[in-house]
Amino acid sequence: MGDIRRRGAVALGVAGLIAPLTLALGAAPAQAASCTTQAGPYQKQVEKFLGRPVDGRQSSTDCKAVQAFQNKHGIRPNIGYAGPVTWGVMDLMNKQKAVGKTPNKAGKCPTNKGRIACVNLTLQISWIQDGSRLVYGPVPVRTGRDGYETRTGLKKVYWRNIDHVSSIYNVPMPYSQFFDGGQAFHSVGVSMWNPPGSHGCVNMTRTAAKTYWSLLKTGDDVFVYGRKPGT
């Protein structure tokens, strides 16, 4: 009993380190930002991604489409400018889509551990496999930003709390499954592509986090590899 209380206190004490500082970025601005007339350095790529005429020139319709994308994913400034952050998110989405149902094609996540949750930081995706068989995913995730990187290596789920709340920021962290100190899988209410990232946790949609909760148990392996863009 004393050991359970100690582990609980440790997890609660470090939980604040993983509460996403940018949760507020997911909220809609009180006043709509003005739309820029300036074409960005990634204008053509962004136009193509959004299904707009690809001419490299900024139109009011182009700007509104880019701005809507920025608002949806909490990208700031949200003025419709086709800059590196906006294109970086779109490029990551394209790469995630290209993975399809073969997230472990390169064989980097161990296939000799039985059931294991894999996290590819480079592509910002996660999945659960059993041996070489894909059990669930891949799903987009939001990992630690620069200075708060999600740590790589082989770990184990050591503590689970379905209704966890950060003790420092008082931020709900539903379906928390801790696997490395204060780092855990848990759901958040912002876009998975909301920059710059978490404080170390592997953020998930509620649907994905709930499914991970049902598929994993204490003692299951977790393997984290790669490097998040921008870290």
# chains A, B, ... in the order shown; residues from 1 in each chain; ligands from 1
$ select_by_dssp --residues "segment 24-185 of chain A" --states "alpha helix (DSSP H)" --output "PyMOL selection string"
chain A and resi 43-49+60-73+84-99
$ write_last_selection --atoms "C-alpha atoms" --output "PDB file, in the first residue's frame"
ATOM      1  CA  GLN A  43       2.494  29.248 -51.522  1.00  0.00           C
ATOM      2  CA  LYS A  44       2.340  26.644 -54.291  1.00  0.00           C
ATOM      3  CA  GLN A  45       2.751  23.678 -51.958  1.00  0.00           C
ATOM      4  CA  VAL A  46       0.030  24.994 -49.655  1.00  0.00           C
ATOM      5  CA  GLU A  47      -2.291  25.722 -52.576  1.00  0.00           C
ATOM      6  CA  LYS A  48      -1.843  22.173 -53.864  1.00  0.00           C
ATOM      7  CA  PHE A  49      -2.479  20.663 -50.428  1.00  0.00           C
ATOM      8  CA  SER A  60      -8.417  36.442 -50.874  1.00  0.00           C
ATOM      9  CA  THR A  61      -9.893  32.969 -51.324  1.00  0.00           C
ATOM     10  CA  ASP A  62      -6.472  31.377 -50.920  1.00  0.00           C
ATOM     11  CA  CYS A  63      -5.900  33.356 -47.752  1.00  0.00           C
ATOM     12  CA  LYS A  64      -9.235  32.372 -46.236  1.00  0.00           C
ATOM     13  CA  ALA A  65      -8.563  28.692 -46.987  1.00  0.00           C
ATOM     14  CA  VAL A  66      -5.109  28.844 -45.398  1.00  0.00           C
ATOM     15  CA  GLN A  67      -6.459  30.786 -42.434  1.00  0.00           C
ATOM     16  CA  ALA A  68      -9.203  28.194 -41.865  1.00  0.00           C
ATOM     17  CA  PHE A  69      -6.547  25.464 -41.803  1.00  0.00           C
ATOM     18  CA  GLN A  70      -4.445  27.469 -39.346  1.00  0.00           C
ATOM     19  CA  ASN A  71      -7.415  28.059 -37.055  1.00  0.00           C
ATOM     20  CA  LYS A  72      -8.373  24.371 -37.123  1.00  0.00           C
ATOM     21  CA  HIS A  73      -4.927  23.277 -35.971  1.00  0.00           C
ATOM     22  CA  PRO A  84       7.182  27.224 -42.905  1.00  0.00           C
ATOM     23  CA  VAL A  85       5.068  26.265 -39.886  1.00  0.00           C
ATOM     24  CA  THR A  86       1.869  25.879 -41.921  1.00  0.00           C
ATOM     25  CA  TRP A  87       3.607  23.952 -44.681  1.00  0.00           C
ATOM     26  CA  GLY A  88       5.474  21.847 -42.108  1.00  0.00           C
ATOM     27  CA  VAL A  89       2.159  20.666 -40.670  1.00  0.00           C
ATOM     28  CA  MET A  90       0.792  19.886 -44.132  1.00  0.00           C
ATOM     29  CA  ASP A  91       3.968  18.066 -45.166  1.00  0.00           C
ATOM     30  CA  LEU A  92       3.794  15.955 -42.004  1.00  0.00           C
ATOM     31  CA  MET A  93       0.168  15.098 -42.762  1.00  0.00           C
ATOM     32  CA  ASN A  94       1.187  13.946 -46.246  1.00  0.00           C
ATOM     33  CA  LYS A  95       3.940  11.755 -44.820  1.00  0.00           C
ATOM     34  CA  GLN A  96       1.605  10.265 -42.213  1.00  0.00           C
ATOM     35  CA  LYS A  97      -0.960   9.443 -44.885  1.00  0.00           C
ATOM     36  CA  ALA A  98       1.707   7.742 -47.013  1.00  0.00           C
ATOM     37  CA  VAL A  99       2.447   5.268 -44.188  1.00  0.00           C
TER      38      VAL A  99
END
$ select_by_dssp --residues "segment 98-136 of chain A" --states "strand (DSSP E)" --output "number ranges by chain"
A: 115-120, 125-130, 133-136
$ write_last_selection --atoms "N, CA and C atoms" --output "compact mmCIF listing (two decimals), in the first residue's frame"
# COMPACT_ATOMS: atom_id res chain seq x y z
N ARG A 115 2.90 -7.92 -27.46
CA ARG A 115 2.16 -6.66 -27.62
C ARG A 115 3.02 -5.47 -27.19
N ILE A 116 3.10 -4.47 -28.05
CA ILE A 116 3.94 -3.31 -27.78
C ILE A 116 3.35 -2.08 -28.45
N ALA A 117 3.43 -0.95 -27.77
CA ALA A 117 3.00 0.33 -28.34
C ALA A 117 4.22 1.02 -28.92
N CYS A 118 4.16 1.37 -30.18
CA CYS A 118 5.29 1.99 -30.88
C CYS A 118 4.99 3.47 -31.12
N VAL A 119 6.03 4.30 -30.99
CA VAL A 119 5.89 5.73 -31.23
C VAL A 119 7.02 6.18 -32.14
N ASN A 120 6.66 6.64 -33.34
CA ASN A 120 7.62 7.17 -34.30
C ASN A 120 7.60 8.69 -34.17
N ILE A 125 3.51 9.53 -35.27
CA ILE A 125 2.47 8.52 -35.31
C ILE A 125 2.74 7.47 -34.24
N SER A 126 1.70 6.76 -33.86
CA SER A 126 1.84 5.66 -32.91
C SER A 126 0.90 4.54 -33.31
N TRP A 127 1.26 3.33 -32.91
CA TRP A 127 0.41 2.17 -33.20
C TRP A 127 0.72 1.09 -32.18
N ILE A 128 -0.14 0.09 -32.14
CA ILE A 128 0.06 -1.08 -31.28
C ILE A 128 0.20 -2.30 -32.18
N GLN A 129 1.22 -3.09 -31.91
CA GLN A 129 1.42 -4.32 -32.68
C GLN A 129 1.63 -5.48 -31.73
N ASP A 130 1.41 -6.67 -32.23
CA ASP A 130 1.67 -7.90 -31.48
C ASP A 130 2.57 -8.75 -32.35
N ARG A 133 2.26 -8.31 -36.21
CA ARG A 133 0.86 -8.07 -36.58
C ARG A 133 0.39 -6.72 -36.04
N LEU A 134 -0.15 -5.91 -36.93
CA LEU A 134 -0.69 -4.62 -36.52
C LEU A 134 -2.02 -4.82 -35.82
N VAL A 135 -2.11 -4.31 -34.58
CA VAL A 135 -3.32 -4.45 -33.78
C VAL A 135 -4.20 -3.22 -33.88
N TYR A 136 -3.59 -2.04 -33.85
CA TYR A 136 -4.35 -0.79 -33.90
C TYR A 136 -3.46 0.34 -34.42
$ residues_around --residues "segment 204-212 of chain A" --least-positions-apart "5" --cutoff "6 Å" --atoms "only C-alpha atoms" --output "MDAnalysis selection string"
chainID A and resid 141 186:187
$ atom_distance --atom1 "atom CA of Asn104 of chain A" --atom2 "atom CA of Lys228 of chain A"
17.0 Å
$ closest_atom_pairs --of "segment 129-162 of chain A" --to "segment 214-227 of chain A" --cutoff "6 Å" --atoms "only C-alpha atoms" --output "Markdown table"
| residue | atom | partner | partner_atom | distance |
| --- | --- | --- | --- | --- |
| A:Thr152 | CA | A:Val224 | CA | 4.6 |
| A:Gly153 | CA | A:Val224 | CA | 5.2 |
| A:Leu154 | CA | A:Phe223 | CA | 4.5 |
| A:Lys155 | CA | A:Val222 | CA | 5.0 |
| A:Lys156 | CA | A:Asp221 | CA | 4.4 |
| A:Val157 | CA | A:Thr218 | CA | 5.1 |
| A:Tyr158 | CA | A:Thr218 | CA | 5.4 |
$ write_last_selection --atoms "N, CA and C atoms" --output "compact mmCIF listing (two decimals), in the first residue's frame"
# COMPACT_ATOMS: atom_id res chain seq x y z
N THR A 152 13.42 8.71 -25.96
CA THR A 152 13.43 7.52 -26.81
C THR A 152 13.88 6.29 -26.03
N GLY A 153 13.62 5.12 -26.61
CA GLY A 153 14.07 3.86 -26.04
C GLY A 153 12.93 2.92 -25.69
N LEU A 154 13.28 1.79 -25.14
CA LEU A 154 12.31 0.77 -24.75
C LEU A 154 11.87 1.01 -23.31
N LYS A 155 10.57 1.10 -23.09
CA LYS A 155 10.01 1.38 -21.77
C LYS A 155 8.87 0.40 -21.48
N LYS A 156 8.24 0.57 -20.32
CA LYS A 156 7.06 -0.23 -19.98
C LYS A 156 6.00 0.67 -19.35
N VAL A 157 4.75 0.35 -19.61
CA VAL A 157 3.66 1.03 -18.92
C VAL A 157 3.75 0.64 -17.45
N TYR A 158 3.93 1.64 -16.56
CA TYR A 158 4.12 1.31 -15.15
C TYR A 158 3.00 1.83 -14.25
$ closest_residue --among "A:Met192, A:Val54, A:Ala82, A:Met173" --to "Asn161 of chain A" --atoms "only C-alpha atoms"
A:Met173
$ closest_residue --among "A:Gly181, A:Gly137, A:Pro172, A:Pro41" --to "Gly200 of chain A" --atoms "only C-alpha atoms"
A:Gly181
$ closest_residue --among "A:Thr143, A:Ser191, A:Thr36, A:Gln183" --to "Ile75 of chain A" --atoms "only C-alpha atoms"
A:Ser191
$ closest_residue --among "A:Ser132, A:Asn78, A:Ser176, A:Thr122" --to "Thr231 of chain A" --atoms "only C-alpha atoms"
A:Thr122
